[in-house]
Structures are given as structure tokens and as C-alpha cells.
Amino acid sequence: MLVLSRKSEEAISIGSVAKITFVIKGNRVACIVSAPSSVSIRRGELGATSSSNAGSDITTLVLSRKDSETIVFDALGITLKICKISGNRVNVGIDAPREISVKRLELI
């Protein structure tokens, strides 16, 4: 698991598939996910689903997460876990296949 520390309104890139911006509000983090509509994204506490939207338009999904909650990209085999929220920072753990690059957006 790769763990990155992000300040509020900083983002990460997951391969060429998704961009996630983190906005911290108290003990919660709004995760703003931009990805093609064909990519299935769900909250980790929900069971696996087989549904996905057709097409390749970019869509934006906002999920509010607390410590230890996750976001899952089923088809890509990627799980993001909110490890810790402290002040204006969030530590995010990312489990992804080795061939998928995960980068801080400011490095791209």
C-alpha cells in the first residue's frame, strides 16, 4: 500500500484513468473523483457491483469519507483508504496493481 499525505484541495492521479481531489472539512474528507463514466466507482462499505455506465465521457463523483473508509474502483483493482485526517492534511492509502501509476498531481 502506498500512503500519500495531501493537503486540502490537493489531488492525485491514478494512471490515465482518474483524478482525485481531496477537500477536508472537519473529520471528513470530500473525495472529488473525475473518471470516465465507464469506470465503476463505489464506497467500500457497499458490496461489489457489476454495473458500469456506457460511454467514455468524463464524470465527476463526490464521496464524503471518514477515517478508515474506502473508495473502490472494481474493474481496475484499486482501493483508496482514508488512513488519517489531521487538521488540513489527509493520509490516503492506495492499493493498486503495480502497472498502474499513482502520482501527486503537482508532479504531472
# chains A, B, ... in the order shown; residues from 1 in each chain; ligands from 1

$ select_by_dssp --residues "chain A" --states "strand (DSSP E or B)" --output "ChimeraX atom specification"
/A:2-7,10-14,18-25,28-36,41-43,58-65,70-73,78-86,89-95,102-104

$ residues_around --residues "Ala11 in chain A" --least-positions-apart "6" --cutoff "7 Å" --atoms "only C-alpha atoms" --output "list of chain:residue names"
A:Lys19, A:Ile20, A:Thr21, A:Phe22, A:Arg104, A:Leu105

$ closest_residue --among "A:Gly26, A:Gly87, A:Gly44, A:Gly15" --to "Asp74 in chain A" --atoms "only C-alpha atoms"
A:Gly44

$ closest_residue --among "A:Arg42, A:Asn27, A:Glu10, A:Met1" --to "Ala75 in chain A" --atoms "only C-alpha atoms"
A:Arg42

$ residues_around --residues "range 56-71 of chain A" --least-positions-apart "2" --cutoff "8 Å" --atoms "only C-alpha atoms" --output "list in words"
Asn27, Arg28, Val29, Ala30, Cys31, Ile32, Val33, Ser34, Ala35, Pro36, Ser37, Ser38, Ile41, Arg42, Arg43, Gly44, Glu45, Ala54, Phe73, Thr79, Leu80, Lys81, Ile82, Cys83, Lys84 and Ile85 of chain A

$ select_by_dssp --residues "chain A" --states "helix (DSSP H, G or I)" --output "PyMOL selection string"
chain A and resi 74-76+105-107
